[in-house]
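Engineer: Quick one: this structure, given as structure tokens, is what I'll be asking you about.
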Amino acid sequence: MDITVEVPTNTADQPRVFPPGVADGAHPAPGGESAAHLTEAELAGQLIGDARQIRVLTGDRPTGALHLGHYLGSLRNRVRLADAGAELFVLVADYQVITDRDASASIADHAGGLVADYLAIGLDPARSTIFAHSAVPALNQLLLPLMSLISVPELERNPTTKAEAAASGRPALSALMLTYPVHQAADILFCRADLVPVGKDQLPHLEVTRTVARRFNTRYTPVFTEPKALISDAPSVLGSDGHKMSKSHGNTIALQAGADETAAIIKGFKTDTDRHITYDPEHRPEVSNLVLITALCRGEDPRAVAERIGSGGAAALKQAATEAVNEHLRPIRARRAELAGDRGYLSAILRRGAERATGEAEATLARVREAMGMAY
Ligand code: TRP
């Protein structure tokens with residue numbers, strides 16, 4: 001489990017105390033003077049048994065079922081971080097759904113499905129705050145001062161927003177599409193998260209967050225922590241067509257898919273004509289992807305998996321991948337099926353999360369108002 005951590009600089013006036021070497025800036029982290037990188041294993045080692053916590057915020061848009069690519073690339077690292085003692089805020093980013101599409105009737109289903117997925121993979125709702133940002137008005141109120149700290153040209157330059165706007169097929173950029181990175185900054189800053197595990201496409205948004213935090217702290221008084229991105233080194237999992245596994249490509253294995261459905265999807269995965277199975281991501285991306293999926297699910301080295309299959313060919317590889325995925329996901333799927341049938345429980349988790357998040361957001365907002373001279 002390799003994860004690259006850019007270590008946060010804590011600039012808030014009520015600093016959380018970090019384990020030595022992780023983030024307090026006073027102790028260089030292993031591997032570098034500037035404390036810029038840590039493997040997740042090192043981070044986990046420093047967190048275990050340490051009551052002083054790092055706060056982590058992650059989020060997903062409720063646009064559809066979470067899949068194996070999400071799970072192997074990021075979801076299971078969240079559970080590891082939580083198990084290692086980090087304090088997790090997990091956001092159901094419902095307002096972001098309407099950046100590039102109309103609100104759909106299924107948004108509540110997708111939100112409930114996300115919560116079921118989170119709990120099924122092992123996030124403990126007693127220790128993690130799982131909430132929807134629409135349910136936390138104080139969080140959205142933070143948006144106004146933050147908006148004043150960034151310019152329209154800066155937002156227009158954001159490559160992720162540009163790509164999403166182009167992909168949406170809409171003729172004109174909506175004001176929400178342009179400004180949602182600031183909303184995302186509020187998502188992160190309201191709870192003064194230190195670390196934000198994200199894919200590389202989210203780095204421009206993290207820069208917006210850091211920028212508005214820094215500008216606020218400079219213009220008024222230091223209130224916000226400048227969060228750092230936590231980038232997973234886990235190679236991207238490809239889908240059935242050989243492109244990155246993604247909801248929008250329709251090439252996924254949903255976490256909740258059945259065992260037979262999984263077998264059928266894996267049968268349709270692209271491979272190549274060389275019967276001898278090797279792990280060579282650069283030259284044989286499709287075959288190596290199936291080897292990697294098998295290896296990640298079994299906790300093995302991909303080279304060992306490839307060697308074992310050897311001249312068994314694509315059929316044996318697909319068989320191994322199917323068994324590994326189904327085996328690994330079996331308990332998760334069973335738990336998910338149970339949870340998904342209990343909408344009342346899932347809603348209660350979101351309500352409780354919203355209460356906790358509201359407490360945090362109101363406290364932050366109070367400090368923001370005070371810093372701005374608006375505490376009447
Ligand atoms: N933009 C993220 C995505 O598209 C979702 C998200 C919203 C998010 N708010 C966040 C991610 C805050 C990390 C932190 O997947």
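Naming scheme: A, B, ... for chains in displayed order of the structure tokens; residues 1 onward per chain; ligands 1 onward as shown.
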Run DSSP on the backbone and give me the residues of segment 142-368 of chain A it puts in alpha helix (DSSP H), as a ChimeraX atom specification.

Structural biologist: /A:143-147,152-156,159-168,175-189,203-219,259-267,285-298,302-309,313-340,343-368

Engineer: Which residues of segment 215-279 of chain A come within 9 Å of segment 304-324 of chain A, and what is each one's closest atom pair and distance in Å (one decimal), counting only C-alpha atoms, sorted by chain and residue number, as a Markdown table?

Structural biologist:
```
| residue | atom | partner | partner_atom | distance |
| --- | --- | --- | --- | --- |
| A:Ala259 | CA | A:Thr322 | CA | 8.1 |
| A:Thr262 | CA | A:Thr322 | CA | 6.7 |
| A:Ala263 | CA | A:Thr322 | CA | 5.5 |
| A:Ala264 | CA | A:Thr322 | CA | 9.0 |
| A:Ile266 | CA | A:Lys318 | CA | 6.3 |
| A:Lys267 | CA | A:Lys318 | CA | 6.4 |
| A:Phe269 | CA | A:Lys318 | CA | 8.3 |
| A:Thr271 | CA | A:Ala314 | CA | 6.7 |
| A:Asp272 | CA | A:Ala314 | CA | 7.9 |
| A:Thr273 | CA | A:Ala314 | CA | 8.5 |
| A:Asp274 | CA | A:Gly313 | CA | 7.6 |
| A:Arg275 | CA | A:Gly313 | CA | 4.3 |
| A:His276 | CA | A:Ser311 | CA | 4.3 |
| A:Ile277 | CA | A:Gly310 | CA | 5.0 |
| A:Thr278 | CA | A:Ala306 | CA | 5.0 |
| A:Tyr279 | CA | A:Ala306 | CA | 5.9 |
```

Engineer: Would you compute the distance between atom CA of Pro171 of chain A and atom CA of His249 of chain A? Give it in Å to one decimal.

Structural biologist: 21.8 Å

Engineer: Hey, which residues come within 7 Å of ligand 1 if we count only C-alpha atoms and all ligand atoms? Could you give them as an mmCIF file with C-alpha atoms, in the first residue's frame?

Structural biologist:
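selection.cif, freshly written:
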```cif
data_model
loop_
_atom_site.group_PDB
_atom_site.id
_atom_site.type_symbol
_atom_site.label_atom_id
_atom_site.label_comp_id
_atom_site.auth_asym_id
_atom_site.auth_seq_id
_atom_site.Cartn_x
_atom_site.Cartn_y
_atom_site.Cartn_z
ATOM 1 C CA LEU A 57 -11.767 14.594 4.525
ATOM 2 C CA THR A 58 -12.804 12.593 1.491
ATOM 3 C CA GLY A 59 -15.836 12.799 -0.732
ATOM 4 C CA ASP A 60 -17.707 11.286 -3.626
ATOM 5 C CA ARG A 61 -20.471 12.534 -5.851
ATOM 6 C CA LEU A 91 -18.732 13.674 2.284
ATOM 7 C CA ALA A 93 -21.087 15.628 -2.420
ATOM 8 C CA GLN A 96 -21.715 18.709 -7.033
ATOM 9 C CA GLN A 184 -15.206 22.139 -2.507
ATOM 10 C CA ASP A 187 -16.100 21.220 2.128
ATOM 11 C CA ILE A 188 -12.519 20.805 3.166
ATOM 12 C CA VAL A 196 -7.481 15.023 1.484
ATOM 13 C CA PRO A 197 -7.041 11.708 -0.337
ATOM 14 C CA VAL A 198 -7.807 12.426 -3.976
ATOM 15 C CA GLN A 202 -8.560 16.870 -8.043
#
```

Engineer: How many Å separate atom CA of Glu360 of chain A from atom CA of Thr225 of chain A?

Structural biologist: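 Taking atom CA of Glu360 of chain A as the start and atom CA of Thr225 of chain A as the end point, the length is 13.9 Å.
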
Engineer: List the neighbours of Pro227 of chain A out to 7 Å using only C-alpha atoms; skip same-chain residues closer than 3 positions along the sequence, and give me the result as a PyMOL selection string.

Structural biologist: chain A and resi 8+193-196+210

Engineer: If we count only C-alpha atoms and set the cut-off at 10 Å, which residues sit around Gly373 of chain A, ignoring sequence neighbours fewer than 5 positions away in its own chain? Please answer as a PyMOL selection string.

Structural biologist: chain A and resi 220+367-368

Engineer: Save out the residues we just selected, all heavy atoms, as a PDB file, in the first residue's frame.

Structural biologist:
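And here's again_39.pdb as it stands now:
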```pdb
ATOM      1  N   TYR A 220      -7.158  38.263   7.054  1.00  0.00           N
ATOM      2  CA  TYR A 220      -7.813  38.444   8.364  1.00  0.00           C
ATOM      3  C   TYR A 220      -6.881  37.909   9.451  1.00  0.00           C
ATOM      4  O   TYR A 220      -5.781  38.419   9.596  1.00  0.00           O
ATOM      5  CB  TYR A 220      -9.187  37.774   8.360  1.00  0.00           C
ATOM      6  CG  TYR A 220     -10.072  38.270   7.243  1.00  0.00           C
ATOM      7  CD1 TYR A 220     -10.259  37.511   6.091  1.00  0.00           C
ATOM      8  CD2 TYR A 220     -10.701  39.511   7.315  1.00  0.00           C
ATOM      9  CE1 TYR A 220     -11.058  37.967   5.049  1.00  0.00           C
ATOM     10  CE2 TYR A 220     -11.503  39.979   6.279  1.00  0.00           C
ATOM     11  CZ  TYR A 220     -11.678  39.209   5.149  1.00  0.00           C
ATOM     12  OH  TYR A 220     -12.445  39.669   4.131  1.00  0.00           O
ATOM     13  N   ARG A 367     -15.773  31.519  13.919  1.00  0.00           N
ATOM     14  CA  ARG A 367     -14.401  32.050  13.943  1.00  0.00           C
ATOM     15  C   ARG A 367     -14.126  32.906  12.717  1.00  0.00           C
ATOM     16  O   ARG A 367     -13.420  33.914  12.775  1.00  0.00           O
ATOM     17  CB  ARG A 367     -13.409  30.895  14.033  1.00  0.00           C
ATOM     18  CG  ARG A 367     -13.538  30.162  15.363  1.00  0.00           C
ATOM     19  CD  ARG A 367     -12.619  28.989  15.437  1.00  0.00           C
ATOM     20  NE  ARG A 367     -11.239  29.400  15.349  1.00  0.00           N
ATOM     21  CZ  ARG A 367     -10.240  28.594  15.014  1.00  0.00           C
ATOM     22  NH1 ARG A 367     -10.491  27.341  14.702  1.00  0.00           N
ATOM     23  NH2 ARG A 367      -9.012  29.040  14.965  1.00  0.00           N
ATOM     24  N   VAL A 368     -14.721  32.485  11.600  1.00  0.00           N
ATOM     25  CA  VAL A 368     -14.569  33.266  10.364  1.00  0.00           C
ATOM     26  C   VAL A 368     -15.223  34.633  10.532  1.00  0.00           C
ATOM     27  O   VAL A 368     -14.637  35.674  10.202  1.00  0.00           O
ATOM     28  CB  VAL A 368     -15.177  32.483   9.173  1.00  0.00           C
ATOM     29  CG1 VAL A 368     -15.440  33.385   7.985  1.00  0.00           C
ATOM     30  CG2 VAL A 368     -14.254  31.332   8.789  1.00  0.00           C
TER      31      VAL A 368
END
```

Engineer: Could you give me, as a PDB file with C-alpha atoms, in the first residue's frame, the residues within 12 Å of segment 331-341 of chain A, counting only C-alpha atoms and dropping anything in the same chain fewer than 3 positions from it?

Structural biologist:
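Saved file part-v4.pdb follows:
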```
ATOM      1  CA  ALA A  65     -22.602   2.754  -7.820  1.00  0.00           C
ATOM      2  CA  LEU A  66     -19.058   2.683  -6.489  1.00  0.00           C
ATOM      3  CA  HIS A  67     -16.891   0.156  -8.285  1.00  0.00           C
ATOM      4  CA  LEU A  68     -13.771  -1.940  -7.984  1.00  0.00           C
ATOM      5  CA  TYR A  71     -12.284   0.468  -4.024  1.00  0.00           C
ATOM      6  CA  ARG A  76      -9.873   0.811   1.055  1.00  0.00           C
ATOM      7  CA  ASP A 109     -30.865   6.399  -4.025  1.00  0.00           C
ATOM      8  CA  HIS A 110     -27.294   7.095  -4.997  1.00  0.00           C
ATOM      9  CA  ALA A 111     -26.631   8.908  -1.722  1.00  0.00           C
ATOM     10  CA  GLY A 112     -28.050   5.965   0.242  1.00  0.00           C
ATOM     11  CA  GLY A 113     -26.012   3.598  -1.935  1.00  0.00           C
ATOM     12  CA  LEU A 114     -22.814   5.504  -1.165  1.00  0.00           C
ATOM     13  CA  VAL A 115     -23.463   5.243   2.553  1.00  0.00           C
ATOM     14  CA  ALA A 116     -24.150   1.503   2.190  1.00  0.00           C
ATOM     15  CA  ASP A 117     -20.879   1.106   0.280  1.00  0.00           C
ATOM     16  CA  TYR A 118     -18.919   3.061   2.887  1.00  0.00           C
ATOM     17  CA  LEU A 119     -20.271   0.998   5.753  1.00  0.00           C
ATOM     18  CA  ALA A 120     -19.908  -2.279   3.845  1.00  0.00           C
ATOM     19  CA  ILE A 121     -16.192  -1.722   3.187  1.00  0.00           C
ATOM     20  CA  GLY A 122     -15.665  -1.184   6.898  1.00  0.00           C
ATOM     21  CA  LEU A 123     -15.986   2.508   7.745  1.00  0.00           C
ATOM     22  CA  ALA A 254     -19.717  -2.436  -9.298  1.00  0.00           C
ATOM     23  CA  LEU A 255     -18.894  -3.311  -5.707  1.00  0.00           C
ATOM     24  CA  GLN A 256     -22.436  -4.564  -5.366  1.00  0.00           C
ATOM     25  CA  ALA A 257     -22.377  -6.675  -8.564  1.00  0.00           C
ATOM     26  CA  GLY A 258     -23.243 -10.359  -8.088  1.00  0.00           C
ATOM     27  CA  ALA A 259     -20.658 -13.145  -8.448  1.00  0.00           C
ATOM     28  CA  THR A 262     -18.691 -10.258 -12.111  1.00  0.00           C
ATOM     29  CA  VAL A 325     -12.578 -10.436  -6.919  1.00  0.00           C
ATOM     30  CA  ASN A 326     -15.556 -12.515  -5.820  1.00  0.00           C
ATOM     31  CA  GLU A 327     -13.684 -13.934  -2.876  1.00  0.00           C
ATOM     32  CA  HIS A 328     -12.470 -10.538  -1.718  1.00  0.00           C
ATOM     33  CA  GLY A 344     -34.091   4.126   7.621  1.00  0.00           C
ATOM     34  CA  TYR A 345     -30.716   3.185   9.024  1.00  0.00           C
ATOM     35  CA  LEU A 346     -28.802   4.764   6.132  1.00  0.00           C
ATOM     36  CA  SER A 347     -30.787   7.988   6.558  1.00  0.00           C
ATOM     37  CA  ILE A 349     -26.336   7.683   9.567  1.00  0.00           C
TER      38      ILE A 349
END
```

Engineer: Which residues, written as a list of chain:residue names, have at least one atom at most 10 Å from Thr211 of chain A, with only C-alpha atoms counted and residues fewer than 3 positions away on the same chain left out?

Structural biologist: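 The neighbour list is A:Leu146, A:Leu149, A:Ile150, A:Ala185, A:His205, A:Leu206, A:Glu207, A:Val208, A:Arg214, A:Arg215, A:Phe216, A:Asn217, A:Glu226.
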
Engineer: Can you spit out the residues from that selection as a tab-separated table (two decimals), in the first residue's frame, using N, CA and C atoms?

Structural biologist:
```
chain	number	residue	atom	x	y	z
A	146	LEU	N	-15.11	32.93	1.06
A	146	LEU	CA	-14.09	32.26	0.24
A	146	LEU	C	-14.15	32.72	-1.21
A	149	LEU	N	-12.12	35.65	-2.30
A	149	LEU	CA	-10.66	35.53	-2.23
A	149	LEU	C	-10.05	34.90	-3.48
A	150	ILE	N	-10.87	34.70	-4.50
A	150	ILE	CA	-10.34	34.12	-5.73
A	150	ILE	C	-11.02	34.79	-6.92
A	185	ALA	N	-13.67	23.80	-1.64
A	185	ALA	CA	-12.75	24.34	-0.63
A	185	ALA	C	-13.48	24.46	0.72
A	205	HIS	N	-8.24	21.54	-7.64
A	205	HIS	CA	-9.21	21.97	-6.62
A	205	HIS	C	-8.52	22.13	-5.25
A	206	LEU	N	-7.59	21.22	-5.00
A	206	LEU	CA	-6.84	21.34	-3.73
A	206	LEU	C	-6.02	22.63	-3.72
A	207	GLU	N	-5.53	23.02	-4.89
A	207	GLU	CA	-4.79	24.28	-4.99
A	207	GLU	C	-5.71	25.46	-4.69
A	208	VAL	N	-6.94	25.41	-5.20
A	208	VAL	CA	-7.91	26.47	-4.90
A	208	VAL	C	-8.14	26.53	-3.39
A	214	ARG	N	-5.05	30.28	2.51
A	214	ARG	CA	-3.88	31.14	2.76
A	214	ARG	C	-4.28	32.61	2.69
A	215	ARG	N	-5.06	32.94	1.68
A	215	ARG	CA	-5.46	34.34	1.53
A	215	ARG	C	-6.32	34.80	2.69
A	216	PHE	N	-7.21	33.92	3.15
A	216	PHE	CA	-8.04	34.30	4.30
A	216	PHE	C	-7.15	34.55	5.51
A	217	ASN	N	-6.26	33.60	5.76
A	217	ASN	CA	-5.39	33.71	6.94
A	217	ASN	C	-4.54	34.97	6.91
A	226	GLU	N	-4.08	24.80	5.98
A	226	GLU	CA	-3.87	24.55	4.55
A	226	GLU	C	-3.73	23.05	4.34
```

Engineer: List the neighbours of Thr160 of chain A out to 10 Å using only C-alpha atoms; skip same-chain residues closer than 6 positions along the sequence, and give me the result as a PyMOL selection string.

Structural biologist: chain A and resi 166+181+200-205

Engineer: Store the residues of this selection in a file with N, CA and C atoms, as an mmCIF file, in the first residue's frame.

Structural biologist:
```
data_model
loop_
_atom_site.group_PDB
_atom_site.id
_atom_site.type_symbol
_atom_site.label_atom_id
_atom_site.label_comp_id
_atom_site.auth_asym_id
_atom_site.auth_seq_id
_atom_site.Cartn_x
_atom_site.Cartn_y
_atom_site.Cartn_z
ATOM 1 N N ALA A 166 -16.390 20.713 -20.800
ATOM 2 C CA ALA A 166 -16.367 20.226 -22.187
ATOM 3 C C ALA A 166 -17.100 18.891 -22.288
ATOM 4 N N PRO A 181 -15.244 24.517 -7.389
ATOM 5 C CA PRO A 181 -14.007 24.281 -6.630
ATOM 6 C C PRO A 181 -13.940 25.106 -5.333
ATOM 7 N N LYS A 200 -5.456 12.451 -9.035
ATOM 8 C CA LYS A 200 -4.684 13.595 -9.563
ATOM 9 C C LYS A 200 -5.568 14.665 -10.193
ATOM 10 N N ASP A 201 -6.731 14.262 -10.729
ATOM 11 C CA ASP A 201 -7.633 15.238 -11.354
ATOM 12 C C ASP A 201 -8.135 16.272 -10.349
ATOM 13 N N GLN A 202 -8.039 15.955 -9.055
ATOM 14 C CA GLN A 202 -8.560 16.870 -8.043
ATOM 15 C C GLN A 202 -7.508 17.859 -7.540
ATOM 16 N N LEU A 203 -6.269 17.713 -8.003
ATOM 17 C CA LEU A 203 -5.208 18.581 -7.481
ATOM 18 C C LEU A 203 -5.461 20.072 -7.735
ATOM 19 N N PRO A 204 -6.005 20.440 -8.909
ATOM 20 C CA PRO A 204 -6.310 21.873 -9.093
ATOM 21 C C PRO A 204 -7.294 22.392 -8.034
ATOM 22 N N HIS A 205 -8.244 21.543 -7.639
ATOM 23 C CA HIS A 205 -9.209 21.968 -6.616
ATOM 24 C C HIS A 205 -8.522 22.128 -5.254
#
```

Engineer: Considering only C-alpha atoms, state which residue in the set A:Gln141, A:Thr209, A:Ser128, A:Thr252 is at the smallest distance from Ala361 of chain A.

Structural biologist: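 Using only C-alpha atoms, Ala361 of chain A sits closest to A:Gln141.
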
Engineer: Rounded to one decimal, what separation in Å do you get between atom CA of Asp301 of chain A and atom CA of Ala234 of chain A?

Structural biologist: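 Distance reported for this atom pair: 12.8 Å.
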
Engineer: Using only C-alpha atoms for the distances, tell me which of A:Asn289, A:Ser104, A:Thr63, A:Asn251 is nearest to Gly239 of chain A.

Structural biologist: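 Comparing A:Asn289, A:Ser104, A:Thr63, A:Asn251 against Gly239 of chain A, the winner is A:Asn251.
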
Engineer: Between A:Glu300, A:Val56, A:Leu292, A:Arg101, which residue has the minimum interatomic distance to Gly169 of chain A, considering only C-alpha atoms?

Structural biologist: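 Closest to Gly169 of chain A of all the choices is A:Arg101.
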
Engineer: Within segment 118-266 of chain A, find each residue whose DSSP state, derived from the backbone, is strand (DSSP E or B), and express the selection as a list in words.

Structural biologist: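 Answer for segment 118-266 of chain A restricted to strand (DSSP E or B) is Thr129, Ile130, Phe131, Ala132, Leu195, Val196, Pro197, Val198, Glu226, Lys228, Ala229, Leu230, Ile231, Ser232, Leu238, Lys244 and Ala254 of chain A.
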
Engineer: Between A:Val79, A:Ile107, A:Met177, A:Ala186, which residue has the minimum interatomic distance to Val136 of chain A, considering only C-alpha atoms?

Structural biologist: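 Checking each of A:Val79, A:Ile107, A:Met177, A:Ala186 against Val136 of chain A, counting only C-alpha atoms, the winner is A:Ala186.
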